[in-house]
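Peer 1: Structure file protein13.tsv, TSV, C-alpha atoms, is pasted below:
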chain	number	residue	atom	x	y	z
A	1	MET	CA	65.82	-16.61	-24.66
A	2	LYS	CA	62.83	-16.13	-26.90
A	3	ALA	CA	61.04	-19.07	-25.21
A	4	TYR	CA	61.67	-17.47	-21.79
A	5	GLU	CA	60.33	-14.15	-23.01
A	6	LEU	CA	57.22	-15.86	-24.41
A	7	ILE	CA	56.63	-17.71	-21.11
A	8	SER	CA	57.10	-14.45	-19.17
A	9	ALA	CA	54.68	-12.61	-21.46
A	10	ASP	CA	52.10	-15.40	-21.12
A	11	MET	CA	52.41	-15.41	-17.32
A	12	ALA	CA	52.09	-11.62	-17.24
A	13	ALA	CA	48.94	-11.78	-19.37
A	14	ARG	CA	47.44	-14.43	-17.13
A	15	LEU	CA	48.38	-12.48	-14.03
A	16	GLY	CA	46.80	-9.33	-15.47
A	17	LEU	CA	43.64	-11.25	-16.37
A	18	LYS	CA	43.50	-12.69	-12.88
A	19	ARG	CA	43.87	-9.27	-11.33
A	20	LEU	CA	41.17	-7.86	-13.62
A	21	THR	CA	38.85	-10.72	-12.68
A	22	LEU	CA	39.48	-10.23	-8.96
A	23	THR	CA	38.92	-6.47	-9.31
A	24	MET	CA	35.60	-7.02	-11.07
A	25	LEU	CA	34.53	-9.51	-8.41
A	26	CYS	CA	35.38	-7.04	-5.67
A	27	VAL	CA	33.49	-4.22	-7.40
A	28	SER	CA	30.47	-6.50	-7.91
A	29	LEU	CA	30.56	-7.60	-4.27
A	30	LEU	CA	30.78	-4.03	-3.01
A	31	THR	CA	27.92	-2.98	-5.32
A	32	ASN	CA	25.71	-5.82	-4.07
A	33	CYS	CA	26.51	-4.94	-0.44
A	34	PHE	CA	25.66	-1.28	-1.10
A	35	LEU	CA	22.35	-2.14	-2.80
A	36	GLY	CA	21.48	-4.58	-0.03
A	37	ALA	CA	22.11	-1.91	2.60
A	38	MET	CA	19.98	0.61	0.67
A	39	ILE	CA	17.08	-1.84	0.42
A	40	THR	CA	17.35	-2.72	4.11
A	41	LEU	CA	17.48	0.90	5.29
A	42	LYS	CA	14.90	2.28	2.86
A	43	ASP	CA	11.52	3.22	4.33
A	44	GLU	CA	8.86	1.44	2.36
A	45	ALA	CA	5.78	3.49	1.46
A	46	VAL	CA	2.69	1.48	2.35
A	47	THR	CA	-0.60	2.39	0.72
A	48	THR	CA	-3.75	1.29	2.54
A	49	VAL	CA	-7.12	1.27	0.80
A	50	LEU	CA	-9.95	1.88	3.27
A	51	ILE	CA	-13.39	0.52	2.46
A	52	PRO	CA	-16.28	2.30	4.22
A	53	ILE	CA	-18.09	0.24	6.84
A	54	GLY	CA	-21.11	-1.54	5.43
A	55	LEU	CA	-19.81	-1.71	1.86
A	56	ASN	CA	-18.09	-4.56	0.10
A	57	GLU	CA	-15.82	-3.20	-2.64
A	58	SER	CA	-15.93	-6.48	-4.57
A	59	THR	CA	-19.71	-6.61	-4.75
A	60	HIS	CA	-20.46	-2.89	-4.73
A	61	PRO	CA	-17.66	-0.78	-6.21
A	62	LEU	CA	-17.95	2.98	-5.75
A	63	THR	CA	-17.48	4.92	-8.97
A	64	VAL	CA	-16.75	8.58	-9.63
A	65	SER	CA	-16.13	10.13	-13.03
A	66	ASP	CA	-16.02	13.66	-14.42
A	67	SER	CA	-19.79	13.58	-14.92
A	68	HIS	CA	-21.21	10.89	-12.63
A	69	VAL	CA	-21.12	10.01	-8.93
A	70	ASP	CA	-22.22	6.71	-7.47
A	71	GLN	CA	-25.26	7.18	-5.20
A	72	ASP	CA	-23.67	5.44	-2.21
A	73	TYR	CA	-20.47	7.47	-2.59
A	74	LEU	CA	-22.46	10.71	-2.53
A	75	MET	CA	-24.33	9.47	0.53
A	76	LEU	CA	-21.08	8.61	2.37
A	77	VAL	CA	-19.52	12.01	1.63
A	78	ALA	CA	-22.72	13.78	2.71
A	79	ARG	CA	-22.89	11.68	5.90
A	80	ASP	CA	-19.34	12.61	6.92
A	81	LEU	CA	-19.73	16.32	6.15
A	82	LEU	CA	-23.09	16.36	7.89
A	83	SER	CA	-21.49	14.94	11.01
A	84	LEU	CA	-18.78	17.62	10.94
A	85	ALA	CA	-21.34	20.40	10.53
A	86	MET	CA	-24.05	19.24	12.91
A	87	ASN	CA	-22.39	17.27	15.72
A	88	VAL	CA	-20.44	19.97	17.50
A	89	SER	CA	-19.38	21.01	20.99
A	90	PRO	CA	-17.05	23.73	22.32
A	91	VAL	CA	-14.23	21.19	22.19
A	92	ASN	CA	-14.50	20.07	18.55
A	93	VAL	CA	-16.31	22.90	16.76
A	94	ASP	CA	-13.17	24.64	15.45
A	95	PHE	CA	-11.60	21.37	14.28
A	96	ASN	CA	-14.83	20.32	12.56
A	97	ARG	CA	-15.07	23.68	10.80
A	98	LYS	CA	-11.52	23.40	9.41
A	99	MET	CA	-12.09	19.84	8.23
A	100	LEU	CA	-15.39	20.74	6.58
A	101	LEU	CA	-13.90	23.72	4.75
A	102	LYS	CA	-11.34	21.42	3.10
A	103	HIS	CA	-14.27	20.04	1.08
A	104	ALA	CA	-15.85	23.41	0.28
A	105	SER	CA	-16.12	24.68	-3.27
A	106	PRO	CA	-13.86	27.74	-3.83
A	107	SER	CA	-16.89	29.70	-5.05
A	108	SER	CA	-18.72	29.25	-1.74
A	109	PHE	CA	-15.76	28.99	0.67
A	110	GLY	CA	-16.23	32.47	2.10
A	111	THR	CA	-19.96	32.07	2.71
A	112	LEU	CA	-19.55	28.68	4.36
A	113	ASP	CA	-16.63	29.87	6.48
A	114	GLU	CA	-18.59	32.87	7.74
A	115	ALA	CA	-21.65	30.77	8.65
A	116	LEU	CA	-19.56	28.10	10.39
A	117	GLU	CA	-17.51	30.72	12.27
A	118	GLU	CA	-20.73	32.34	13.54
A	119	LYS	CA	-22.05	28.95	14.67
A	120	ALA	CA	-18.74	28.15	16.40
A	121	SER	CA	-18.80	31.45	18.30
A	122	GLN	CA	-22.34	30.77	19.48
A	123	ILE	CA	-21.52	27.22	20.56
A	124	LYS	CA	-18.51	28.40	22.58
A	125	ARG	CA	-20.35	31.38	24.06
A	126	LEU	CA	-23.26	29.25	25.28
A	127	ARG	CA	-21.00	26.28	26.12
A	128	ALA	CA	-23.52	24.24	24.21
A	129	SER	CA	-23.51	21.02	22.21
A	130	SER	CA	-25.59	20.16	19.18
A	131	TYR	CA	-26.29	16.73	17.69
A	132	PHE	CA	-28.17	15.56	14.63
A	133	ALA	CA	-29.60	12.05	14.35
A	134	VAL	CA	-30.26	11.21	10.71
A	135	GLU	CA	-33.51	9.35	10.05
A	136	ASN	CA	-33.54	9.42	6.27
A	137	MET	CA	-31.54	10.65	3.27
A	138	ASP	CA	-32.82	11.48	-0.22
A	139	ILE	CA	-29.97	11.33	-2.73
A	140	ASP	CA	-30.18	13.09	-6.10
A	141	THR	CA	-27.08	12.11	-8.08
A	142	LYS	CA	-28.18	14.04	-11.18
A	143	ASN	CA	-28.32	17.42	-9.44
A	144	LEU	CA	-25.85	16.46	-6.67
A	145	VAL	CA	-28.30	17.31	-3.91
A	146	VAL	CA	-28.69	15.47	-0.59
A	147	HIS	CA	-31.75	16.03	1.59
A	148	ALA	CA	-31.29	14.65	5.11
A	149	GLN	CA	-34.12	14.41	7.61
A	150	GLY	CA	-33.64	13.80	11.32
A	151	ILE	CA	-33.82	15.04	14.90
A	152	LYS	CA	-31.64	17.88	16.12
A	153	SER	CA	-30.87	18.00	19.86
A	154	HIS	CA	-29.36	20.94	21.68
A	155	PHE	CA	-27.69	20.67	25.09
A	156	ILE	CA	-26.29	23.20	27.55
A	157	GLY	CA	-24.18	21.16	29.90
A	158	LYS	CA	-26.10	17.93	30.42
A	159	THR	CA	-29.50	19.60	30.08
A	160	GLU	CA	-31.35	19.12	26.81
A	161	THR	CA	-32.81	22.49	25.89
A	162	LEU	CA	-34.17	21.69	22.45
A	163	ARG	CA	-35.24	18.68	20.39
A	164	GLN	CA	-36.90	19.17	17.04
A	165	LYS	CA	-37.26	17.71	13.58
A	166	THR	CA	-34.78	19.29	11.20
A	167	ASP	CA	-34.00	18.88	7.53
A	168	VAL	CA	-30.57	19.62	6.10
A	169	LEU	CA	-30.16	20.39	2.40
A	170	MET	CA	-26.67	19.90	0.96
A	171	ARG	CA	-25.65	20.87	-2.56
A	172	PHE	CA	-22.44	19.77	-4.27
A	173	ASN	CA	-20.59	20.27	-7.51
A	174	LEU	CA	-18.24	17.83	-9.23
A	175	ILE	CA	-14.84	19.06	-10.42
A	176	ALA	CA	-12.40	16.58	-11.98
A	177	GLY	CA	-14.05	13.68	-10.19
A	178	LYS	CA	-13.98	15.41	-6.78
A	179	LEU	CA	-17.11	16.37	-4.86
A	180	GLN	CA	-17.13	19.90	-3.43
A	181	LEU	CA	-19.67	21.32	-1.00
A	182	LEU	CA	-21.58	24.30	-2.37
A	183	SER	CA	-24.07	24.89	0.44
A	184	LEU	CA	-25.45	23.42	3.64
A	185	GLU	CA	-28.83	24.72	4.80
A	186	GLU	CA	-30.82	23.80	7.91
A	187	ILE	CA	-34.62	23.79	7.67
A	188	GLU	CA	-36.17	23.59	11.11
A	189	HIS	CA	-39.72	22.29	11.58
A	190	LEU	CA	-42.23	23.45	14.15
A	191	LYS	CA	-41.19	22.37	17.63
A	192	ASN	CA	-42.78	19.20	18.92
A	193	LYS	CA	-44.32	18.81	22.34
A	194	ASN	CA	-41.08	17.66	23.95
A	195	SER	CA	-39.11	20.69	22.76
A	196	ALA	CA	-41.92	23.04	23.80
A	197	ALA	CA	-41.92	21.49	27.26
A	198	VAL	CA	-38.17	21.87	27.56
A	199	ASP	CA	-38.24	25.51	26.45
A	200	SER	CA	-41.00	26.37	28.91
A	201	HIS	CA	-38.85	25.44	31.89
What is this structure when it is put down as structure tokens?

Peer 2:
Amino acid sequence: MKAYELISADMAARLGLKRLTLTMLCVSLLTNCFLGAMITLKDEAVTTVLIPIGLNESTHPLTVSDSHVDQDYLMLVARDLLSLAMNVSPVNVDFNRKMLLKHASPSSFGTLDEALEEKASQIKRLRASSYFAVENMDIDTKNLVVHAQGIKSHFIGKTETLRQKTDVLMRFNLIAGKLQLLSLEEIEHLKNKNSAAVDSH
């Protein structure tokens, strides 16, 4: 009788161990299936690093710190903001103004917004377009000043009404490694013969 009881107890223990093992295997399988489904269905965040055209990041890295800005980085920022400010038409002038103001310093936001709003109203009222072709840029990384020289053209419809040499002076400040636009000032030169001829008609 005792031998039978011992055999029954041993079989019961083995059966319980088998059931425990099967339960653990099932739980592990279900967990793996759940994790696999999560990985399959999860949207992966892809980060893309864009390198400006004309620059090779491996041979010419752009650096920005709390106190220093790489000359080419300052030039690229100035180039893009200059395009937003100077290359405008009734179609894009409001969009360009909003994009430009995202880079404005809080201390000069109101002044820049007012000047850009006035320019936008004039562009839309005259149904005019204005373009600026950069010929040269002087970059001062110490004082964060960019002096761009070029030709400004003004069109009403398809008719060019003005073409003249124009300088644009841009001033920035650097806050926590981010460039912010302080001011953007146009300095128009005396009209050349072509612009005088256009205005006389």

Peer 1: Hey, which bits of region 117-180 of chain A sit within 8 Å of region 64-87 of chain A, and for each residue what's the closest pair of atoms and how far apart in Å (one decimal), counting all atoms listed in the file, rows by chain and increasing number, as CSV?

Peer 2:
residue,atom,partner,partner_atom,distance
A:Ser129,CA,A:Asn87,CA,7.6
A:Ser130,CA,A:Asn87,CA,5.5
A:Tyr131,CA,A:Asn87,CA,4.4
A:Phe132,CA,A:Met86,CA,5.8
A:Met137,CA,A:Met75,CA,7.8
A:Ile139,CA,A:Gln71,CA,6.7
A:Asp140,CA,A:Gln71,CA,7.7
A:Thr141,CA,A:Gln71,CA,6.0
A:Lys142,CA,A:His68,CA,7.8
A:Leu144,CA,A:Leu74,CA,7.9
A:Val146,CA,A:Ala78,CA,7.0
A:Met170,CA,A:Ala78,CA,7.5
A:Leu174,CA,A:Asp66,CA,7.0
A:Ile175,CA,A:Asp66,CA,6.8
A:Ala176,CA,A:Asp66,CA,5.3
A:Gly177,CA,A:Asp66,CA,4.7
A:Lys178,CA,A:Val64,CA,7.9

Peer 1: Could you pull the residues within 9 Å of region 92-104 of chain A, counting only C-alpha atoms, minus those fewer than 4 positions along the same chain, as a ChimeraX atom specification?

Peer 2: /A:81-85,87-88,108-109,112-113,116-117,119-120,123-124,172,179-183

Peer 1: Could you please determine the separation between CA of Ser105 (chain A) and CA of His154 (chain A) in Å, to one decimal place?

Peer 2: 28.5 Å

Peer 1: Which value, in Å to one decimal, gives the distance between CA of Ala115 (chain A) and CA of Ser153 (chain A)?

Peer 2: 19.3 Å

Peer 1: Counting only C-alpha atoms, figure out which residue out of A:Leu126, A:Pro106, A:Ser28, A:Phe34 gets nearest to Thr161 (chain A).

Peer 2: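 With only C-alpha atoms as the atom set, the closest residue is A:Leu126.
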
Peer 1: Can you work out the spacing between CA of Gln164 (chain A) and CA of Leu184 (chain A) in Å, to one decimal?

Peer 2: 18.1 Å

Peer 1: Quick one: of A:His147, A:Ala133, A:Ile156, A:Arg19, who's nearest to Glu186 (chain A), counting only C-alpha atoms?

Peer 2: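 With only C-alpha atoms as the atom set, the closest residue is A:His147.
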
Peer 1: Measuring between only C-alpha atoms, which one of A:Val145, A:Ala128, A:Val134, A:Leu29 shows the shortest distance to Leu162 (chain A)?

Peer 2: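 Among the listed residues, A:Ala128 lies closest to Leu162 (chain A).
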
Peer 1: At a cut-off of 9 Å, using only C-alpha atoms, what residues contact Gln149 (chain A)? Leave out same-chain residues fewer than 4 positions from it and give the result as a ChimeraX atom specification.

Peer 2: /A:133-138,165-169
